[in-house]
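Peer 1: What follows is the file upload_10.txt, containing compact mmCIF, C-alpha atoms:
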# COMPACT_ATOMS: atom_id res chain seq x y z
CA MET A 1 24.94 15.96 56.30
CA ALA A 2 27.53 13.19 56.15
CA GLU A 3 26.63 12.59 52.52
CA MET A 4 27.05 16.32 51.77
CA GLY A 5 30.50 16.15 53.31
CA LYS A 6 31.48 13.26 51.06
CA GLU A 7 30.21 15.06 47.95
CA THR A 8 32.03 18.21 48.97
CA GLY A 9 35.22 16.25 49.43
CA LYS A 10 34.92 14.74 45.95
CA GLU A 11 34.35 18.16 44.39
CA MET A 12 37.36 19.59 46.22
CA GLY A 13 39.51 16.79 44.80
CA LYS A 14 38.33 17.56 41.26
CA GLU A 15 38.95 21.31 41.64
CA MET A 16 42.43 20.76 43.07
CA GLY A 17 43.27 18.68 40.01
CA LYS A 18 42.48 21.71 37.84
CA GLY A 19 45.13 23.88 39.57
CA VAL A 20 42.71 26.01 41.62
CA THR A 21 44.31 27.64 44.67
CA ALA A 22 43.47 26.18 48.06
CA GLY A 23 42.02 29.45 49.37
CA LYS A 24 39.69 29.93 46.43
CA LEU A 25 38.73 26.29 46.49
CA ALA A 26 37.90 26.46 50.19
CA SER A 27 35.71 29.53 49.60
CA THR A 28 33.88 27.83 46.71
CA MET A 29 33.30 24.67 48.71
CA GLN A 30 32.04 26.69 51.68
CA LYS A 31 29.48 28.39 49.44
CA ARG A 32 28.29 25.05 48.10
CA LEU A 33 28.04 23.61 51.58
CA THR A 34 26.12 26.65 52.83
CA ARG A 35 23.72 26.41 49.88
CA ALA A 36 23.18 22.72 50.48
CA GLN A 37 22.44 23.35 54.14
CA GLU A 38 20.03 26.17 53.27
CA LYS A 39 18.13 23.96 50.83
CA VAL A 40 17.82 21.20 53.42
CA MET A 41 16.49 23.67 55.97
CA GLN A 42 13.97 25.02 53.45
CA LYS A 43 12.78 21.55 52.55
CA LEU A 44 12.35 20.69 56.20
CA GLY A 45 10.34 23.88 56.69
CA LYS A 46 12.80 25.30 59.16
CA ALA A 47 13.68 28.23 56.91
CA ASP A 48 11.46 30.27 54.62
CA GLU A 49 12.19 30.36 50.89
CA THR A 50 11.89 33.41 48.66
CA LYS A 51 9.33 32.72 45.97
CA ASP A 52 8.68 34.58 42.69
CA THR A 53 5.65 33.04 40.96
CA ALA A 54 5.85 35.31 37.92
CA PHE A 55 9.51 34.45 37.36
CA GLU A 56 8.84 30.74 37.79
CA GLU A 57 6.21 30.98 35.05
CA THR A 58 8.71 32.61 32.68
CA VAL A 59 11.20 29.82 33.46
CA SER A 60 8.49 27.24 32.68
CA ASN A 61 7.89 28.97 29.33
CA PHE A 62 11.63 29.02 28.71
CA ASN A 63 11.93 25.27 29.28
CA LYS A 64 8.95 24.62 27.00
CA GLN A 65 10.38 26.91 24.31
CA MET A 66 13.79 25.25 24.49
CA ALA A 67 12.25 21.76 24.22
CA GLU A 68 10.09 22.75 21.25
CA GLY A 69 13.03 24.43 19.55
CA ALA A 70 15.21 21.36 20.06
CA ARG A 71 12.51 19.18 18.53
CA LEU A 72 12.10 21.48 15.52
CA GLN A 73 15.87 21.62 15.04
CA ARG A 74 16.09 17.82 15.20
CA ASP A 75 13.24 17.35 12.74
CA LEU A 76 14.70 19.94 10.34
CA ARG A 77 17.99 18.05 10.36
CA GLY A 78 16.06 14.86 9.70
CA TYR A 79 14.32 16.55 6.77
CA MET A 80 17.69 17.66 5.38
CA THR A 81 18.97 14.10 5.67
CA ALA A 82 15.90 12.85 3.78
CA VAL A 83 16.40 15.48 1.04
CA LYS A 84 20.01 14.39 0.66
CA ALA A 85 18.95 10.74 0.46
CA MET A 86 16.35 11.62 -2.20
CA HIS A 87 19.01 13.53 -4.12
CA GLU A 88 21.32 10.52 -4.12
CA ALA A 89 18.49 8.19 -5.17
CA SER A 90 17.42 10.60 -7.94
CA LYS A 91 21.01 10.87 -9.20
CA ARG A 92 21.40 7.10 -9.36
CA LEU A 93 18.13 6.80 -11.26
CA GLN A 94 19.01 9.56 -13.74
CA ASP A 95 22.50 8.11 -14.26
CA CYS A 96 20.97 4.70 -14.89
CA LEU A 97 18.67 6.12 -17.58
CA ALA A 98 21.49 8.10 -19.22
CA GLU A 99 23.76 5.03 -19.34
CA MET A 100 21.03 2.80 -20.82
CA TYR A 101 19.90 5.39 -23.36
CA GLU A 102 21.32 4.37 -26.74
CA PRO A 103 22.96 7.05 -28.92
CA ASP A 104 20.55 6.65 -31.83
CA TRP A 105 17.44 7.00 -29.66
CA PHE A 106 15.47 10.22 -29.88
CA GLY A 107 16.56 12.92 -27.40
CA LYS A 108 19.85 11.37 -26.22
CA GLU A 109 21.39 14.81 -25.66
CA GLU A 110 18.25 16.06 -23.89
CA VAL A 111 18.28 13.08 -21.53
CA ASP A 112 21.93 13.67 -20.61
CA SER A 113 21.26 17.38 -20.09
CA MET A 114 18.20 16.70 -17.94
CA ALA A 115 20.22 14.35 -15.73
CA GLU A 116 22.74 17.14 -15.07
CA ASP A 117 20.01 19.73 -14.52
CA THR A 118 18.17 17.46 -12.07
CA ASP A 119 21.35 16.88 -10.08
CA MET A 120 22.09 20.61 -9.88
CA LEU A 121 18.49 21.31 -8.87
CA TRP A 122 18.74 18.92 -5.91
CA ILE A 123 22.07 20.43 -4.83
CA ASP A 124 20.63 23.96 -4.98
CA PHE A 125 17.49 22.87 -3.11
CA HIS A 126 19.47 21.33 -0.24
CA GLN A 127 21.80 24.31 0.05
CA LYS A 128 18.95 26.83 0.11
CA LEU A 129 17.19 24.84 2.82
CA VAL A 130 20.35 24.96 4.90
CA ASP A 131 20.87 28.69 4.31
CA SER A 132 17.29 29.82 4.81
CA ALA A 133 16.03 27.47 7.52
CA LEU A 134 18.62 25.33 9.27
CA ILE A 135 21.26 28.02 9.92
CA ASN A 136 18.56 30.35 11.24
CA MET A 137 17.33 27.57 13.52
CA ASP A 138 20.84 26.80 14.76
CA ASN A 139 21.44 30.46 15.60
CA TYR A 140 18.14 30.58 17.47
CA MET A 141 18.99 27.50 19.55
CA ALA A 142 22.53 28.72 20.29
CA GLN A 143 21.23 31.28 22.78
CA PHE A 144 19.52 28.78 25.09
CA PRO A 145 22.56 27.20 26.83
CA ASP A 146 23.84 30.55 28.11
CA ILE A 147 20.42 31.62 29.37
CA LYS A 148 19.90 28.22 30.99
CA ASN A 149 23.21 28.61 32.84
CA ARG A 150 22.22 32.09 33.98
CA ILE A 151 18.89 30.81 35.29
CA SER A 152 20.77 28.18 37.28
CA LYS A 153 23.13 30.87 38.54
CA ARG A 154 20.18 33.04 39.52
CA ASP A 155 18.75 30.11 41.53
CA ARG A 156 22.08 29.71 43.36
CA LYS A 157 22.27 33.43 44.09
CA LEU A 158 18.72 33.32 45.46
CA VAL A 159 19.77 30.56 47.88
CA ASP A 160 22.78 32.66 48.86
CA PHE A 161 20.49 35.63 49.47
CA ASP A 162 18.10 33.55 51.62
CA SER A 163 21.03 32.09 53.52
CA ALA A 164 22.51 35.55 54.21
CA ARG A 165 19.08 36.80 55.23
CA HIS A 166 18.60 33.93 57.68
CA HIS A 167 22.12 34.34 59.02
CA MET A 168 21.49 38.05 59.63
CA ALA A 169 18.22 37.26 61.42
CA SER A 170 19.85 34.66 63.67
CA ILE A 171 22.62 37.11 64.75
CA GLN A 172 20.11 39.85 65.49
CA LYS A 173 18.08 37.45 67.65
CA GLY A 174 21.11 36.51 69.72
CA LYS A 175 21.26 37.51 73.38
CA LYS A 176 24.61 39.15 72.99
CA LYS A 177 24.83 41.84 70.33
CA ASP A 178 28.13 41.57 68.48
CA GLU A 179 28.27 44.70 66.40
CA VAL A 180 31.19 43.37 64.35
CA LYS A 181 29.31 40.21 63.40
CA ILE A 182 26.15 42.19 62.70
CA ALA A 183 28.04 44.59 60.44
CA LYS A 184 29.68 41.73 58.58
CA ALA A 185 26.35 39.93 58.21
CA GLU A 186 24.73 43.10 56.89
CA GLU A 187 27.53 43.50 54.38
CA GLU A 188 27.18 39.89 53.20
CA LEU A 189 23.41 40.27 52.93
CA GLY A 190 23.72 43.47 50.90
CA ARG A 191 26.27 41.88 48.57
CA ALA A 192 24.14 38.74 48.10
CA GLN A 193 21.03 40.81 47.45
CA LYS A 194 22.80 42.99 44.89
CA VAL A 195 24.21 40.03 42.95
CA PHE A 196 20.85 38.29 42.94
CA GLU A 197 18.85 41.35 41.89
CA GLU A 198 21.22 42.16 39.02
CA ILE A 199 20.90 38.74 37.36
CA ASN A 200 17.22 38.50 38.30
CA THR A 201 16.44 41.84 36.61
CA GLU A 202 18.34 40.83 33.45
CA LEU A 203 16.44 37.58 33.16
CA GLN A 204 13.09 39.20 33.86
CA ASP A 205 13.75 41.46 30.85
CA GLU A 206 15.16 38.77 28.54
CA LEU A 207 12.92 35.77 29.10
CA PRO A 208 9.59 37.35 28.02
CA THR A 209 11.29 38.78 24.91
CA LEU A 210 12.78 35.39 24.09
CA TRP A 211 9.39 33.74 24.60
CA ASP A 212 7.74 36.13 22.11
CA SER A 213 10.53 35.60 19.54
CA ARG A 214 9.50 31.99 18.88
CA VAL A 215 6.56 33.12 16.71
CA GLY A 216 8.85 35.14 14.45
CA LEU A 217 11.20 32.18 14.17
CA TYR A 218 8.40 29.81 13.17
CA VAL A 219 7.10 32.27 10.57
CA THR A 220 10.53 32.89 9.05
CA THR A 221 11.53 29.22 9.06
CA PHE A 222 8.40 27.81 7.49
CA GLN A 223 7.94 30.64 5.01
CA SER A 224 11.50 30.05 3.81
CA LEU A 225 10.93 26.32 3.74
CA ALA A 226 7.69 26.68 1.79
CA GLY A 227 9.15 29.16 -0.70
CA VAL A 228 12.27 27.14 -1.45
CA THR A 229 10.27 23.92 -1.72
CA GLU A 230 7.69 25.47 -4.05
CA LYS A 231 10.37 26.78 -6.39
CA PHE A 232 12.15 23.42 -6.37
CA HIS A 233 9.00 21.50 -7.27
CA ASN A 234 8.12 23.99 -10.03
CA GLU A 235 11.54 23.57 -11.63
CA MET A 236 11.48 19.81 -11.11
CA GLY A 237 8.00 19.72 -12.67
CA LYS A 238 9.35 21.37 -15.82
CA LEU A 239 12.13 18.80 -16.08
CA SER A 240 9.66 15.97 -15.51
CA HIS A 241 7.40 17.39 -18.24
CA ASN A 242 10.35 17.57 -20.65
CA LEU A 243 11.37 14.01 -19.82
CA ASN A 244 7.82 12.83 -20.40
CA ASP A 245 7.81 14.51 -23.84
CA VAL A 246 11.11 12.87 -24.76
CA MET A 247 9.82 9.47 -23.68
CA GLY A 248 6.68 10.00 -25.77
CA LYS A 249 8.73 10.86 -28.85
CA LEU A 250 10.98 7.87 -28.24
CA GLU A 251 7.87 5.69 -28.28
CA ASP A 252 6.78 7.36 -31.55
CA GLN A 253 10.20 6.63 -32.98
CA ARG A 254 9.82 2.97 -32.05
CA HIS A 255 6.41 2.77 -33.72
CA ILE A 256 7.71 4.39 -36.89
CA LYS A 257 10.55 1.87 -37.09
CA ASN A 258 8.17 -1.00 -36.52
CA ASP A 259 5.75 0.36 -39.12
CA SER A 260 8.52 0.70 -41.67
CA LYS A 261 9.40 -2.96 -41.21
CA THR A 262 5.80 -4.07 -41.78
CA LYS A 263 4.82 -1.39 -44.27
CA THR A 264 4.59 -3.59 -47.40
CA PRO A 265 2.17 -6.21 -46.08
CA ALA A 266 0.14 -3.54 -44.29
CA LYS A 267 -0.31 -1.40 -47.37
CA SER A 268 -0.95 -4.38 -49.60
CA GLU A 269 -3.63 -5.55 -47.18
CA ASP A 270 -5.26 -2.07 -47.13
CA ALA A 271 -5.25 -1.96 -50.91
CA ALA A 272 -6.74 -5.45 -51.16
CA ASN A 273 -9.46 -4.60 -48.68
CA HIS A 274 -10.33 -1.40 -50.52
CA SER A 275 -10.42 -3.27 -53.79
CA ALA A 276 -12.84 -5.78 -52.36
CA GLU A 277 -15.09 -3.02 -51.04
CA SER A 278 -14.98 -0.67 -54.04
CA GLY A 279 -15.37 -3.10 -56.85
CA SER A 280 -13.10 -3.53 -59.81
CA ILE A 281 -10.23 -1.06 -60.05
CA PRO A 282 -7.73 -1.08 -62.94
CA LYS A 283 -4.56 -3.00 -62.24
CA SER A 284 -1.24 -1.19 -61.86
CA PRO A 285 1.18 -1.08 -64.75
CA SER A 286 3.85 -3.68 -64.83
CA LYS A 287 7.12 -3.06 -63.07
CA ASN A 288 8.94 -3.11 -66.37
CA ALA A 289 6.81 -0.26 -67.67
CA VAL A 290 7.66 1.82 -64.62
CA ALA A 291 11.29 0.90 -64.69
CA ASN A 292 11.72 1.60 -68.40
CA GLY A 293 10.04 5.01 -68.03
CA SER A 294 7.56 4.38 -70.90
CA SER A 295 4.90 7.03 -71.39
CA ASP A 296 1.74 7.23 -73.42
CA SER A 297 1.88 11.01 -73.88
CA GLY A 298 4.56 13.05 -75.48
CA ASP A 299 3.52 16.30 -73.79
CA LEU A 300 4.17 15.15 -70.21
CA PRO A 301 6.65 17.05 -68.03
CA PRO A 302 10.18 15.64 -68.00
CA GLY A 303 10.44 12.56 -65.77
CA VAL A 304 6.70 11.84 -65.78
CA LEU A 305 5.76 8.37 -66.99
CA TYR A 306 2.01 8.85 -67.37
CA LYS A 307 -1.06 10.31 -65.70
CA VAL A 308 -3.62 8.66 -63.47
CA LYS A 309 -6.89 9.91 -62.02
CA ALA A 310 -7.95 9.22 -58.44
CA MET A 311 -11.20 7.29 -58.35
CA HIS A 312 -11.49 7.35 -54.55
CA ASP A 313 -10.33 9.57 -51.69
CA TYR A 314 -7.13 8.39 -50.06
CA ALA A 315 -5.98 9.65 -46.64
CA ALA A 316 -2.23 9.46 -46.14
CA THR A 317 -1.19 7.38 -43.12
CA ASP A 318 2.56 8.03 -43.31
CA GLY A 319 4.84 10.95 -44.05
CA ASP A 320 5.95 9.62 -47.45
CA GLU A 321 2.41 9.08 -48.79
CA LEU A 322 0.40 11.28 -51.15
CA GLU A 323 -3.08 12.27 -50.04
CA MET A 324 -5.68 12.28 -52.85
CA LYS A 325 -9.25 13.30 -53.40
CA ALA A 326 -11.48 11.61 -55.99
CA GLY A 327 -10.93 13.36 -59.31
CA ASP A 328 -7.33 14.48 -58.62
CA VAL A 329 -4.96 13.95 -61.55
CA VAL A 330 -1.57 12.58 -60.52
CA LEU A 331 1.63 12.55 -62.57
CA VAL A 332 3.32 9.18 -62.07
CA LEU A 333 7.11 9.26 -61.58
CA ALA A 334 9.78 6.59 -61.62
CA PHE A 335 11.34 5.55 -58.30
CA ASP A 336 14.95 6.65 -57.90
CA ASN A 337 15.70 3.09 -56.77
CA PRO A 338 13.33 0.54 -58.32
CA ASP A 339 13.97 -1.81 -55.41
CA GLU A 340 12.20 0.65 -53.10
CA GLN A 341 8.90 0.27 -54.99
CA ASP A 342 6.35 -1.89 -53.19
CA ASP A 343 3.96 -3.97 -55.25
CA GLY A 344 0.70 -2.12 -55.87
CA TRP A 345 2.16 1.31 -55.01
CA LEU A 346 3.13 4.19 -57.32
CA LEU A 347 5.15 7.37 -56.86
CA GLY A 348 3.68 10.63 -58.08
CA VAL A 349 2.87 14.32 -57.69
CA LYS A 350 -0.46 16.03 -58.16
CA GLU A 351 -0.82 17.73 -61.55
CA SER A 352 -2.25 20.78 -59.78
CA HIS A 353 1.04 21.19 -57.92
CA TRP A 354 3.02 20.90 -61.16
CA LEU A 355 0.87 23.51 -62.88
CA ALA A 356 1.16 25.94 -59.94
CA ASN A 357 4.84 25.48 -59.09
CA LYS A 358 6.47 23.82 -62.11
CA ASN A 359 8.33 21.36 -59.91
CA LEU A 360 7.89 17.76 -58.87
CA SER A 361 9.05 18.13 -55.27
CA ALA A 362 5.73 17.43 -53.48
CA ARG A 363 5.83 13.77 -54.39
CA GLY A 364 4.53 10.78 -52.46
CA VAL A 365 3.52 7.15 -52.82
CA PHE A 366 -0.11 6.07 -53.25
CA PRO A 367 -2.03 2.82 -53.87
CA GLU A 368 -2.34 2.13 -57.57
CA ASN A 369 -5.78 0.50 -57.24
CA PHE A 370 -7.27 3.84 -56.04
CA THR A 371 -6.62 5.26 -59.54
CA GLN A 372 -6.99 4.62 -63.23
CA ARG A 373 -4.86 5.80 -66.09
CA CYS A 374 -5.95 8.86 -67.97
Can you present the structure in this file as structure tokens?

Peer 2:
Amino acid sequence: MAEMGKETGKEMGKEMGKGVTAGKLASTMQKRLTRAQEKVMQKLGKADETKDTAFEETVSNFNKQMAEGARLQRDLRGYMTAVKAMHEASKRLQDCLAEMYEPDWFGKEEVDSMAEDTDMLWIDFHQKLVDSALINMDNYMAQFPDIKNRISKRDRKLVDFDSARHHMASIQKGKKKDEVKIAKAEEELGRAQKVFEEINTELQDELPTLWDSRVGLYVTTFQSLAGVTEKFHNEMGKLSHNLNDVMGKLEDQRHIKNDSKTKTPAKSEDAANHSAESGSIPKSPSKNAVANGSSDSGDLPPGVLYKVKAMHDYAATDGDELEMKAGDVVLVLAFDNPDEQDDGWLLGVKESHWLANKNLSARGVFPENFTQRC
């Protein structure tokens, strides 16, 4: 009891510092002291305690629900933090690629555009997670502090009710009947019972409803989370697919450049190999003959030097080559720039194309040793 007096004195000092009137403070402290005494008596078994097993079970559910909700809220916030960190890491990676990507590389504009689209996709993903899941979770958790305070208040009012009930019983058991004290005790008991029953009834209605609401919250939260995440990954998958295509074409561009640098020895080697396998094939005309535009036939189309006939099939391996089948007749043309002519290679157009279209546009280079002059 001495300890309770010390605690009560400390609380009175705190309340006085807040500007509470002495009369109100005294009344508040008296209530707290009475409650403390009642609890001690109940613990010692000298006073009975009102029990409500059903309500205690709902309070246990409430505490479990609040703890689970707090955990889910904490983990959702952690997930949002991770999404934001992934966004920042993705942005740095995309910016790095865009800065390293040289202007003459294939798809420079596409790479820059994809970096912007990826950044916007992350921003939209994070915001939708906040709007559809986190805000809903925060609103759900916001109701718990008030209900928790009301449960605590209900417990205090139950102690007040038990105390008033015990006080009334002790007066009625007294040898001398003091009607004034009995009337006052009855009034205090009625008031305490009314206050307790009002808050008790409210909580008995609210707590089961709150307990059932957790299922709806989980469904809404995780459906929203799943839907937003699925859409994000679908859109991100499209960007990743586009980036993969660009990288593939960049690799093709590199191979084409490398092939163009080594084209002469490669083609000369192919021609030599074919010559070795196929036997003797007529040699190509001299460069001077090609350069001077000499022709053996006077009835050739303008610009045609002479005709050759393909002795073997030739499959084109590059975009500037002419594909031939054995027996095709090819009109040989002069190179616009003689320096572009590789040794052992001629420029021409199939005679069948000339006869059908009367133009020499479908031209291409071909190995001279696959043909012989007509």

Peer 1: Which residue out of A:Ala315, A:Ala36, A:Leu129, A:Val304 has the minimum interatomic distance to Glu230 (chain A) when only C-alpha atoms are used?

Peer 2: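 Of A:Ala315, A:Ala36, A:Leu129, A:Val304, the one nearest Glu230 (chain A), counting only C-alpha atoms, is A:Leu129.
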
Peer 1: Could you tell me how far CA of Asp205 (chain A) lies from CA of Val219 (chain A), in Å and to one decimal?

Peer 2: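 Straight-line distance from CA of Asp205 (chain A) to CA of Val219 (chain A) works out to 23.2 Å.
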
Peer 1: Please compute the CA of Lys231 (chain A)-CA of Phe125 (chain A) distance, one decimal, in Å.

Peer 2: 8.8 Å

Peer 1: Choose the residue, out of A:Leu305, A:Ala164, A:Met247, A:Val330, that has the smallest atom-to-atom separation from Glu368 (chain A); count all atoms listed in the file.

Peer 2: A:Val330

Peer 1: So, with all atoms listed in the file as the atoms that count, which of A:Lys64, A:Gly107, A:Asp299, A:Asp318 lies closest to Ile256 (chain A)?

Peer 2: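 Closest to Ile256 (chain A) of all the choices is A:Asp318.
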
Peer 1: Near Ala70 (chain A), within 9 Å and counting all atoms listed in the file, which residues show up once chain neighbours fewer than 5 positions away are dropped, as a list in words?

Peer 2: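 Once the adjacent positions are removed, what remains is Gln65, Asp75 and Met141 of chain A.
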
Peer 1: I'd like the neighbourhood of Val349 (chain A) as a PyMOL selection string, where a residue qualifies if any of its atoms comes within 8 Å (using all atoms listed in the file), though same-chain residues fewer than 2 positions away should be ignored.

Peer 2: chain A and resi 322+330-333+347+351+353-354+360-364

Peer 1: Can you list, as a PyMOL selection string, every protein, DNA or RNA residue that comes within 7 Å of Met168 (chain A) when you count only C-alpha atoms, leaving out same-chain residues fewer than 3 positions away?

Peer 2: chain A and resi 164-165+171-172+182+185-186

Peer 1: Within 10 Å of (17.8, 30.8, 17.3), only C-alpha atoms: residues as a PyMOL selection string?

Peer 2: chain A and resi 66+69+73+134-144+210+213-214+217

Peer 1: Measuring between all atoms listed in the file, which one of A:Arg71, A:Arg154, A:His166, A:Arg77 shows the shortest distance to Glu56 (chain A)?

Peer 2: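 Selected residue with least distance to Glu56 (chain A): A:Arg154.
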
Peer 1: For region 53-62 of chain A, where the input has fewer atoms than it should, I would like all heavy atoms rebuilt and written as an mmCIF file, in the coordinates of the input.

Peer 2:
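That gives us result.cif:
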data_model
loop_
_atom_site.group_PDB
_atom_site.id
_atom_site.type_symbol
_atom_site.label_atom_id
_atom_site.label_comp_id
_atom_site.auth_asym_id
_atom_site.auth_seq_id
_atom_site.Cartn_x
_atom_site.Cartn_y
_atom_site.Cartn_z
ATOM 1 N N THR A 53 6.545 33.819 41.830
ATOM 2 C CA THR A 53 5.650 33.040 40.960
ATOM 3 C C THR A 53 5.731 33.479 39.506
ATOM 4 O O THR A 53 5.747 32.644 38.595
ATOM 5 C CB THR A 53 4.205 33.156 41.451
ATOM 6 O OG1 THR A 53 4.137 32.765 42.821
ATOM 7 C CG2 THR A 53 3.284 32.270 40.635
ATOM 8 N N ALA A 54 5.794 34.784 39.290
ATOM 9 C CA ALA A 54 5.850 35.310 37.920
ATOM 10 C C ALA A 54 7.122 34.839 37.220
ATOM 11 O O ALA A 54 7.096 34.435 36.043
ATOM 12 C CB ALA A 54 5.780 36.829 37.930
ATOM 13 N N PHE A 55 8.257 34.873 37.967
ATOM 14 C CA PHE A 55 9.510 34.450 37.360
ATOM 15 C C PHE A 55 9.476 32.940 37.076
ATOM 16 O O PHE A 55 9.978 32.479 36.050
ATOM 17 C CB PHE A 55 10.687 34.782 38.269
ATOM 18 C CG PHE A 55 12.023 34.458 37.650
ATOM 19 C CD1 PHE A 55 12.612 35.324 36.759
ATOM 20 C CD2 PHE A 55 12.681 33.267 37.954
ATOM 21 C CE1 PHE A 55 13.837 35.023 36.172
ATOM 22 C CE2 PHE A 55 13.896 32.961 37.380
ATOM 23 C CZ PHE A 55 14.479 33.843 36.483
ATOM 24 N N GLU A 56 8.915 32.182 37.993
ATOM 25 C CA GLU A 56 8.840 30.740 37.790
ATOM 26 C C GLU A 56 8.024 30.394 36.547
ATOM 27 O O GLU A 56 8.319 29.431 35.840
ATOM 28 C CB GLU A 56 8.226 30.080 39.025
ATOM 29 C CG GLU A 56 9.148 30.107 40.236
ATOM 30 C CD GLU A 56 8.476 29.589 41.501
ATOM 31 O OE1 GLU A 56 7.276 29.227 41.408
ATOM 32 O OE2 GLU A 56 9.137 29.540 42.548
ATOM 33 N N GLU A 57 7.006 31.201 36.254
ATOM 34 C CA GLU A 57 6.210 30.980 35.050
ATOM 35 C C GLU A 57 7.028 31.251 33.790
ATOM 36 O O GLU A 57 6.936 30.521 32.799
ATOM 37 C CB GLU A 57 4.982 31.893 35.062
ATOM 38 C CG GLU A 57 4.053 31.668 33.883
ATOM 39 C CD GLU A 57 2.820 32.546 33.948
ATOM 40 O OE1 GLU A 57 2.582 33.158 35.004
ATOM 41 O OE2 GLU A 57 2.092 32.616 32.933
ATOM 42 N N THR A 58 7.861 32.318 33.845
ATOM 43 C CA THR A 58 8.710 32.610 32.680
ATOM 44 C C THR A 58 9.750 31.507 32.481
ATOM 45 O O THR A 58 10.092 31.174 31.346
ATOM 46 C CB THR A 58 9.429 33.963 32.842
ATOM 47 O OG1 THR A 58 10.281 33.930 33.993
ATOM 48 C CG2 THR A 58 8.437 35.097 32.983
ATOM 49 N N VAL A 59 10.235 30.923 33.578
ATOM 50 C CA VAL A 59 11.200 29.820 33.460
ATOM 51 C C VAL A 59 10.508 28.591 32.861
ATOM 52 O O VAL A 59 11.081 27.875 32.039
ATOM 53 C CB VAL A 59 11.810 29.488 34.834
ATOM 54 C CG1 VAL A 59 12.648 28.206 34.752
ATOM 55 C CG2 VAL A 59 12.679 30.637 35.316
ATOM 56 N N SER A 60 9.253 28.355 33.254
ATOM 57 C CA SER A 60 8.490 27.240 32.680
ATOM 58 C C SER A 60 8.306 27.437 31.179
ATOM 59 O O SER A 60 8.457 26.484 30.389
ATOM 60 C CB SER A 60 7.133 27.133 33.372
ATOM 61 O OG SER A 60 6.349 26.121 32.790
ATOM 62 N N ASN A 61 8.010 28.670 30.766
ATOM 63 C CA ASN A 61 7.890 28.970 29.330
ATOM 64 C C ASN A 61 9.220 28.771 28.617
ATOM 65 O O ASN A 61 9.261 28.275 27.486
ATOM 66 C CB ASN A 61 7.417 30.418 29.148
ATOM 67 C CG ASN A 61 5.969 30.620 29.546
ATOM 68 O OD1 ASN A 61 5.207 29.665 29.618
ATOM 69 N ND2 ASN A 61 5.600 31.857 29.830
ATOM 70 N N PHE A 62 10.299 29.183 29.290
ATOM 71 C CA PHE A 62 11.630 29.020 28.710
ATOM 72 C C PHE A 62 11.928 27.547 28.456
ATOM 73 O O PHE A 62 12.412 27.176 27.379
ATOM 74 C CB PHE A 62 12.677 29.624 29.646
ATOM 75 C CG PHE A 62 14.099 29.291 29.252
ATOM 76 C CD1 PHE A 62 14.754 30.020 28.270
ATOM 77 C CD2 PHE A 62 14.784 28.243 29.868
ATOM 78 C CE1 PHE A 62 16.064 29.716 27.909
ATOM 79 C CE2 PHE A 62 16.082 27.939 29.515
ATOM 80 C CZ PHE A 62 16.727 28.671 28.531
#
